[in-house]
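Q: Data file target31.pdb (PDB, C-alpha atoms and all ligand atoms) is appended below.
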```pdb
ATOM      1  CA  MET A 793      35.857  -8.670 -64.126
ATOM      2  CA  PHE A 794      33.169  -7.152 -61.850
ATOM      3  CA  MET A 795      29.628  -8.529 -61.930
ATOM      4  CA  ARG A 796      27.995  -6.189 -59.416
ATOM      5  CA  ILE A 797      28.605  -4.133 -56.314
ATOM      6  CA  ASP A 798      28.415  -6.802 -53.614
ATOM      7  CA  HIS A 799      28.413  -4.423 -50.677
ATOM      8  CA  ILE A 800      29.330  -1.061 -49.246
ATOM      9  CA  GLY A 801      31.104  -1.486 -45.891
ATOM     10  CA  ILE A 802      30.257   1.139 -43.284
ATOM     11  CA  ALA A 803      32.345   1.558 -40.131
ATOM     12  CA  CYS A 804      30.397   2.281 -36.951
ATOM     13  CA  HIS A 805      30.905   2.405 -33.186
ATOM     14  CA  ASP A 806      27.655   0.680 -32.266
ATOM     15  CA  LEU A 807      26.417  -2.095 -34.584
ATOM     16  CA  GLU A 808      22.993  -2.472 -32.941
ATOM     17  CA  GLU A 809      22.307   1.254 -33.161
ATOM     18  CA  LYS A 810      23.230   1.401 -36.865
ATOM     19  CA  ILE A 811      21.246  -1.767 -37.710
ATOM     20  CA  GLU A 812      18.209  -0.059 -36.185
ATOM     21  CA  LEU A 813      18.906   3.177 -38.129
ATOM     22  CA  PHE A 814      19.483   1.541 -41.536
ATOM     23  CA  SER A 815      16.676  -0.996 -41.305
ATOM     24  CA  ARG A 816      14.164   1.623 -40.164
ATOM     25  CA  THR A 817      15.238   4.389 -42.570
ATOM     26  CA  PHE A 818      15.673   2.288 -45.723
ATOM     27  CA  GLU A 819      13.349  -0.640 -44.875
ATOM     28  CA  LEU A 820      16.207  -3.119 -45.226
ATOM     29  CA  THR A 821      16.402  -6.542 -43.597
ATOM     30  CA  VAL A 822      19.391  -8.052 -41.809
ATOM     31  CA  VAL A 823      20.036 -11.404 -43.490
ATOM     32  CA  ALA A 824      23.300 -12.418 -41.823
ATOM     33  CA  ARG A 825      25.451 -11.547 -38.831
ATOM     34  CA  GLU A 826      28.925 -12.732 -38.007
ATOM     35  CA  VAL A 827      31.914 -12.148 -35.761
ATOM     36  CA  ASN A 828      35.013 -12.414 -37.981
ATOM     37  CA  GLU A 829      38.033 -12.664 -35.675
ATOM     38  CA  GLU A 830      40.534 -12.705 -38.537
ATOM     39  CA  GLN A 831      39.215  -9.355 -39.849
ATOM     40  CA  GLY A 832      38.634  -7.942 -36.360
ATOM     41  CA  VAL A 833      34.954  -7.149 -36.923
ATOM     42  CA  LYS A 834      31.431  -7.834 -35.776
ATOM     43  CA  GLU A 835      29.293  -7.344 -38.872
ATOM     44  CA  ALA A 836      25.749  -7.431 -40.251
ATOM     45  CA  MET A 837      24.572  -7.719 -43.869
ATOM     46  CA  LEU A 838      21.429  -5.828 -44.906
ATOM     47  CA  HIS A 839      19.971  -7.165 -48.144
ATOM     48  CA  ILE A 840      19.263  -4.759 -51.022
ATOM     49  CA  ALA A 841      18.866  -6.880 -54.170
ATOM     50  CA  ASP A 842      19.807 -10.125 -55.876
ATOM     51  CA  GLY A 843      22.150  -9.985 -58.849
ATOM     52  CA  GLU A 844      24.454 -11.997 -61.048
ATOM     53  CA  GLY A 845      26.521 -14.403 -58.958
ATOM     54  CA  GLY A 846      25.180 -13.092 -55.643
ATOM     55  CA  GLY A 847      23.368 -10.265 -53.919
ATOM     56  CA  SER A 848      23.971  -6.620 -53.046
ATOM     57  CA  TYR A 849      24.139  -5.502 -49.447
ATOM     58  CA  ILE A 850      25.082  -2.833 -46.989
ATOM     59  CA  GLN A 851      27.627  -4.231 -44.547
ATOM     60  CA  LEU A 852      27.720  -2.599 -41.116
ATOM     61  CA  LEU A 853      31.044  -3.077 -39.314
ATOM     62  CA  GLU A 854      31.878  -2.641 -35.626
ATOM     63  CA  PRO A 855      35.530  -3.196 -34.662
ATOM     64  CA  LEU A 856      36.525  -5.892 -32.169
ATOM     65  CA  SER A 857      39.509  -3.783 -31.053
ATOM     66  CA  GLU A 858      41.090  -0.354 -31.543
ATOM     67  CA  GLU A 859      44.075  -1.941 -33.370
ATOM     68  CA  SER A 860      41.897  -3.670 -35.994
ATOM     69  CA  PRO A 861      41.488  -2.123 -39.490
ATOM     70  CA  VAL A 862      38.032  -0.744 -38.678
ATOM     71  CA  GLY A 863      39.119   0.384 -35.191
ATOM     72  CA  LYS A 864      41.994   2.401 -36.665
ATOM     73  CA  PHE A 865      39.744   3.835 -39.369
ATOM     74  CA  LEU A 866      37.185   5.027 -36.801
ATOM     75  CA  ALA A 867      39.885   6.698 -34.697
ATOM     76  CA  ARG A 868      41.338   8.470 -37.718
ATOM     77  CA  ARG A 869      38.267   9.328 -39.813
ATOM     78  CA  GLY A 870      35.170   8.617 -37.730
ATOM     79  CA  GLU A 871      32.073   6.731 -38.868
ATOM     80  CA  GLY A 872      31.336   6.369 -42.587
ATOM     81  CA  VAL A 873      32.079   4.409 -45.756
ATOM     82  CA  HIS A 874      35.045   2.111 -45.093
ATOM     83  CA  HIS A 875      35.221   0.000 -48.281
ATOM     84  CA  VAL A 876      33.485  -0.935 -51.509
ATOM     85  CA  ALA A 877      33.218  -4.628 -52.413
ATOM     86  CA  PHE A 878      32.772  -5.925 -55.954
ATOM     87  CA  GLY A 879      31.402  -9.345 -56.890
ATOM     88  CA  VAL A 880      33.738 -11.413 -59.073
ATOM     89  CA  PRO A 881      33.241 -14.903 -60.531
ATOM     90  CA  ASP A 882      36.606 -16.193 -59.263
ATOM     91  CA  VAL A 883      38.461 -14.280 -56.563
ATOM     92  CA  ALA A 884      41.846 -15.988 -57.070
ATOM     93  CA  ASP A 885      41.696 -15.252 -60.783
ATOM     94  CA  ALA A 886      40.733 -11.600 -60.182
ATOM     95  CA  MET A 887      43.577 -11.232 -57.629
ATOM     96  CA  HIS A 888      46.063 -12.601 -60.136
ATOM     97  CA  LYS A 889      44.913 -10.296 -62.959
ATOM     98  CA  ILE A 890      44.837  -7.192 -60.743
ATOM     99  CA  LYS A 891      48.272  -7.909 -59.239
ATOM    100  CA  GLU A 892      49.720  -8.113 -62.744
ATOM    101  CA  LYS A 893      48.544  -4.531 -63.286
ATOM    102  CA  GLY A 894      50.733  -3.337 -60.400
ATOM    103  CA  VAL A 895      48.046  -2.894 -57.743
ATOM    104  CA  ARG A 896      49.106  -4.079 -54.275
ATOM    105  CA  LEU A 897      47.022  -6.883 -52.781
ATOM    106  CA  LEU A 898      46.542  -6.783 -49.012
ATOM    107  CA  ASP A 899      45.940 -10.545 -48.983
ATOM    108  CA  GLU A 900      48.192 -13.174 -50.505
ATOM    109  CA  ARG A 901      45.338 -15.666 -50.653
ATOM    110  CA  PRO A 902      41.544 -15.434 -50.369
ATOM    111  CA  ARG A 903      40.160 -15.038 -46.825
ATOM    112  CA  HIS A 904      36.889 -16.047 -45.243
ATOM    113  CA  GLY A 905      34.171 -13.393 -45.716
ATOM    114  CA  SER A 906      30.541 -12.881 -44.866
ATOM    115  CA  MET A 907      27.998 -15.616 -45.685
ATOM    116  CA  GLY A 908      30.635 -18.139 -46.727
ATOM    117  CA  SER A 909      32.182 -15.866 -49.351
ATOM    118  CA  GLU A 910      35.869 -15.714 -50.276
ATOM    119  CA  ILE A 911      37.350 -12.219 -50.146
ATOM    120  CA  ALA A 912      40.541 -10.243 -50.789
ATOM    121  CA  PHE A 913      41.428  -6.572 -50.311
ATOM    122  CA  LEU A 914      43.353  -4.162 -52.550
ATOM    123  CA  HIS A 915      45.466  -1.313 -51.185
ATOM    124  CA  PRO A 916      43.416   1.922 -51.160
ATOM    125  CA  LYS A 917      46.428   4.002 -52.211
ATOM    126  CA  ASP A 918      46.664   2.055 -55.498
ATOM    127  CA  VAL A 919      42.967   2.419 -56.324
ATOM    128  CA  GLY A 920      42.276   6.123 -56.016
ATOM    129  CA  GLY A 921      41.934   6.137 -52.232
ATOM    130  CA  MET A 922      39.135   3.558 -52.098
ATOM    131  CA  LEU A 923      39.681   0.444 -49.993
ATOM    132  CA  THR A 924      38.468  -2.206 -52.453
ATOM    133  CA  GLU A 925      37.310  -5.715 -51.652
ATOM    134  CA  LEU A 926      36.833  -8.582 -54.111
ATOM    135  CA  VAL A 927      34.059 -11.034 -53.246
ATOM    136  CA  GLN A 928      33.363 -14.464 -54.628
ATOM    137  CA  ALA A 929      29.958 -15.220 -53.134
ATOM    138  CA  ALA A 930      29.113 -18.697 -51.896
ATOM    139  CA  THR A 931      26.267 -20.109 -53.977
ATOM    140  CA  PRO A 932      23.914 -20.434 -52.304
ATOM    141  CA  PRO A 933      24.994 -17.944 -49.611
ATOM    142  CA  GLN A 934      25.481 -19.561 -46.205
ATOM    143  CA  ASN A 935      23.984 -18.722 -42.805
ATOM    144  CA  VAL A 936      21.372 -16.413 -44.357
ATOM    145  CA  LYS A 937      18.117 -15.713 -42.587
ATOM    146  CA  LYS A 938      15.255 -13.804 -44.207
ATOM    147  CA  VAL A 939      14.184 -12.375 -40.881
ATOM    148  CA  HIS A 940      15.178  -9.355 -38.860
ATOM    149  CA  MET A 941      17.864 -10.488 -36.392
TER     150      MET A 941
HETATM  151  C1  LIG A1001      43.364   3.357 -44.394
HETATM  152  N1  LIG A1001      43.469   4.168 -45.456
HETATM  153  C2  LIG A1001      42.323   4.132 -46.138
HETATM  154  C3  LIG A1001      41.482   3.242 -45.428
HETATM  155  N2  LIG A1001      42.165   2.775 -44.347
HETATM  156  N3  LIG A1001      41.924   4.729 -47.266
HETATM  157  C4  LIG A1001      40.673   4.494 -47.696
HETATM  158  N4  LIG A1001      39.813   3.656 -47.059
HETATM  159  C5  LIG A1001      40.190   3.029 -45.939
HETATM  160  N5  LIG A1001      39.344   2.211 -45.316
HETATM  161  C6  LIG A1001      44.634   4.972 -45.850
HETATM  162  C7  LIG A1001      45.204   5.718 -44.663
HETATM  163  O1  LIG A1001      44.496   6.913 -44.470
HETATM  164  C8  LIG A1001      46.634   5.936 -45.104
HETATM  165  O2  LIG A1001      46.685   7.064 -45.914
HETATM  166  C9  LIG A1001      46.945   4.717 -45.962
HETATM  167  O3  LIG A1001      45.673   4.152 -46.300
HETATM  168  C10 LIG A1001      47.788   3.687 -45.258
HETATM  169  O4  LIG A1001      47.182   3.477 -44.036
HETATM  170  P1  LIG A1001      47.909   2.754 -42.823
HETATM  171  O5  LIG A1001      48.445   3.712 -41.891
HETATM  172  O6  LIG A1001      48.814   1.678 -43.342
HETATM  173  O7  LIG A1001      46.606   2.215 -42.173
HETATM  174  P2  LIG A1001      46.201   0.905 -41.554
HETATM  175  O8  LIG A1001      47.297   0.271 -40.745
HETATM  176  O9  LIG A1001      44.939   1.249 -40.899
HETATM  177  O10 LIG A1001      45.908  -0.091 -42.796
HETATM  178  C11 LIG A1001      45.046   0.239 -43.798
HETATM  179  C12 LIG A1001      44.708  -1.052 -44.580
HETATM  180  C13 LIG A1001      44.039  -2.019 -43.588
HETATM  181  C14 LIG A1001      43.780  -0.643 -45.717
HETATM  182  C15 LIG A1001      46.005  -1.615 -45.142
HETATM  183  O11 LIG A1001      42.894  -1.410 -43.036
HETATM  184  C16 LIG A1001      43.664  -3.331 -44.199
HETATM  185  O12 LIG A1001      44.486  -4.230 -44.387
HETATM  186  N6  LIG A1001      42.359  -3.536 -44.541
HETATM  187  C17 LIG A1001      41.869  -4.770 -45.125
HETATM  188  C18 LIG A1001      41.082  -5.597 -44.160
HETATM  189  C19 LIG A1001      39.850  -4.894 -43.610
HETATM  190  O13 LIG A1001      39.668  -3.710 -43.782
HETATM  191  N7  LIG A1001      38.976  -5.685 -42.881
HETATM  192  C20 LIG A1001      37.745  -5.139 -42.296
HETATM  193  C21 LIG A1001      36.564  -5.391 -43.163
HETATM  194  P3  LIG A1001      47.628   8.307 -45.582
HETATM  195  O14 LIG A1001      47.150   8.813 -44.247
HETATM  196  O15 LIG A1001      49.006   7.718 -45.551
HETATM  197  O16 LIG A1001      47.405   9.255 -46.707
HETATM  198  S1  LIG A1001      36.130  -7.111 -43.078
HETATM  199  C22 LIG A1001      34.962  -7.414 -44.331
HETATM  200  O17 LIG A1001      34.695  -6.463 -45.140
HETATM  201  C23 LIG A1001      34.404  -8.679 -44.391
HETATM  202  C24 LIG A1001      34.673  -9.726 -43.392
HETATM  203  C25 LIG A1001      33.471  -9.035 -45.499
HETATM  204  O18 LIG A1001      33.167  -8.210 -46.338
HETATM  205  O19 LIG A1001      32.995 -10.208 -45.542
HETATM  206 CO    CO A1002      33.351  -6.178 -46.627
END
```
As structure tokens - that is how I would like this structure written.

A:
Amino acid sequence: MFMRIDHIGIACHDLEEKIELFSRTFELTVVAREVNEEQGVKEAMLHIADGEGGGSYIQLLEPLSEESPVGKFLARRGEGVHHVAFGVPDVADAMHKIKEKGVRLLDERPRHGSMGSEIAFLHPKDVGGMLTELVQAATPPQNVKKVHM
């Protein structure tokens, strides 16, 4: 079902500060940035590698409000790993198969994700405490820039 780790989502208070830290420390490049109102985040994707059906990234997430998923996470747990996202060939198909196994889906249908992807989340309590995201990457990925932004 999973082709690769698409990204690790990291919750932070200050996106610009963490972009500077991660790009300088690990020599990574920001390839896309987006404000996603539906998910309540301002986010940046730092490219690590290309893989089957899409790339691998670190996703830095700053909340748009305290009531958003990332805002609540920061208040409760502080900065750190917020979710792990796996690349799948067909997100609707993966959602269907996983739901049949008794895992709660947090989305009834795929949502808009970074770089034109389609995404869905699984309840962390049903997956060993890990907030899990399914990603069907857009091919080719959209709004990607191979420059530091
Ligand atoms: C909450 N919990 C977590 C968690 N957030 N566990 C692991 N990882 C997390 N990130 C735990 C929490 O400690 C509670 O455990 C339990 O889950 C239920 O929490 P809750 O009180 O219902 O908490 P809420 O209201 O904060 O909701 C949590 C969920 C929410 C996961 C349901 O954050 C959600 O719907 N997330 C999906 C959307 C999302 O995260 N969007 C931002 C990324 P105890 O205390 O009861 O033991 S957007 C993104 O990645 C994009 C756009 C992209 O990739 O392209
Ligand atoms: Co994500």

Q: Return as a PyMOL selection string the residues of protein, DNA or RNA that approach ligand CO 1002 (chain A) to within 9 Å, with all atoms listed in the file taken into account.

A: chain A and resi 798-802+835+850-853+874-877+905-906+911+913+924-927

Q: List every residue of chain A that has an atom at most 6 Å from any atom of ligand LIG 1001 (chain A), giving for each one its closest atom pair and the distance in Å to one decimal, counting all atoms listed in the file, sorted by chain and then by ascending residue number, as a Markdown table.

A:
```
| residue | atom | partner | partner_atom | distance |
| --- | --- | --- | --- | --- |
| A:Gln831 | CA | A:LIG1001 | N7 | 4.8 |
| A:Pro861 | CA | A:LIG1001 | O11 | 3.9 |
| A:Val862 | CA | A:LIG1001 | C20 | 5.7 |
| A:Lys864 | CA | A:LIG1001 | O9 | 5.3 |
| A:Phe865 | CA | A:LIG1001 | N2 | 5.6 |
| A:His874 | CA | A:LIG1001 | N5 | 4.3 |
| A:His875 | CA | A:LIG1001 | N5 | 5.5 |
| A:Leu898 | CA | A:LIG1001 | O12 | 5.7 |
| A:Gly905 | CA | A:LIG1001 | O19 | 3.4 |
| A:Ser906 | CA | A:LIG1001 | O19 | 3.7 |
| A:Phe913 | CA | A:LIG1001 | C17 | 5.5 |
| A:His915 | CA | A:LIG1001 | C14 | 5.8 |
| A:Pro916 | CA | A:LIG1001 | N3 | 5.0 |
| A:Lys917 | CA | A:LIG1001 | O3 | 6.0 |
| A:Gly921 | CA | A:LIG1001 | C4 | 5.0 |
| A:Met922 | CA | A:LIG1001 | C4 | 4.8 |
| A:Leu923 | CA | A:LIG1001 | N4 | 4.4 |
```

Q: Out of A:Glu826, A:Glu844, A:Asp885, A:Glu871, which residue has the shortest atom-to-atom distance to A:Gly908 when counting only C-alpha atoms?

A: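 Closest residue, counting only C-alpha atoms: A:Glu826.
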
Q: Counting all atoms listed in the file, figure out which residue out of A:Cys804, A:Glu830, A:Glu892, A:Thr931 gets nearest to A:Gly843.

A: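 Using all atoms listed in the file, A:Gly843 sits closest to A:Thr931.
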
Q: May I ask which of the residues A:Ala930, A:Ala803, A:Val873, A:Met907 is the closest one to A:His839, counting all atoms listed in the file?

A: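 For A:His839, the nearest of the given residues is A:Met907.
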
Q: Give me the result of the PyMOL selection byres (((chain A and resi 897) around 8) and not hetatm) on this file, residue by residue, as a list in words.

A: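 On this input, the PyMOL selection byres (((chain A and resi 897) around 8) and not hetatm) captures Met887, Lys891, Val895, Arg896, Leu898, Asp899, Glu900, Ala912, Phe913, Leu914 and His915 of chain A.
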
Q: Would you work out the distance separating atom CA of A:Met793 from atom CA of A:Pro881, expressed in Å to one decimal?

A: 7.7 Å

Q: Determine the nearest neighbour of A:Phe818 from the options A:Ile840, A:Asp806, A:Val883, A:Gly832, counting all atoms listed in the file.

A: A:Ile840

Q: Quick check, in Å to one decimal: how far apart do atom CA of A:Leu866 and atom CA of A:Glu854 lie?

A: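 Going from atom CA of A:Leu866 over to atom CA of A:Glu854 covers 9.4 Å.
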
Q: Nearest to A:Gln928: which of A:Lys893, A:Gly847, A:Ala836, A:Leu856 is it, counting all atoms listed in the file?

A: A:Gly847

Q: Can you work out the spacing between atom CA of A:Gly879 and atom CA of A:Lys834 in Å, to one decimal?

A: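 Those two atoms sit 21.2 Å apart.
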
Q: Which residues match the PyMOL selection byres (((chain A and resi 820) around 9) and not hetatm) in the file above, as a ChimeraX atom specification?

A: /A:814-819,821-822,838-840,940

Q: Pick the closest to A:Gly863 from A:Leu807, A:Asn828, A:Asp918, A:Val833: which is it, counting only C-alpha atoms?

A: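 Of A:Leu807, A:Asn828, A:Asp918, A:Val833, the one nearest A:Gly863 is A:Val833, counting only C-alpha atoms.
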
Q: Where does the PyMOL selection byres (((chain A and resi 935) around 8) and not hetatm) land in this file, that is, which residues does it pick, as a count of residues only?

A: 7
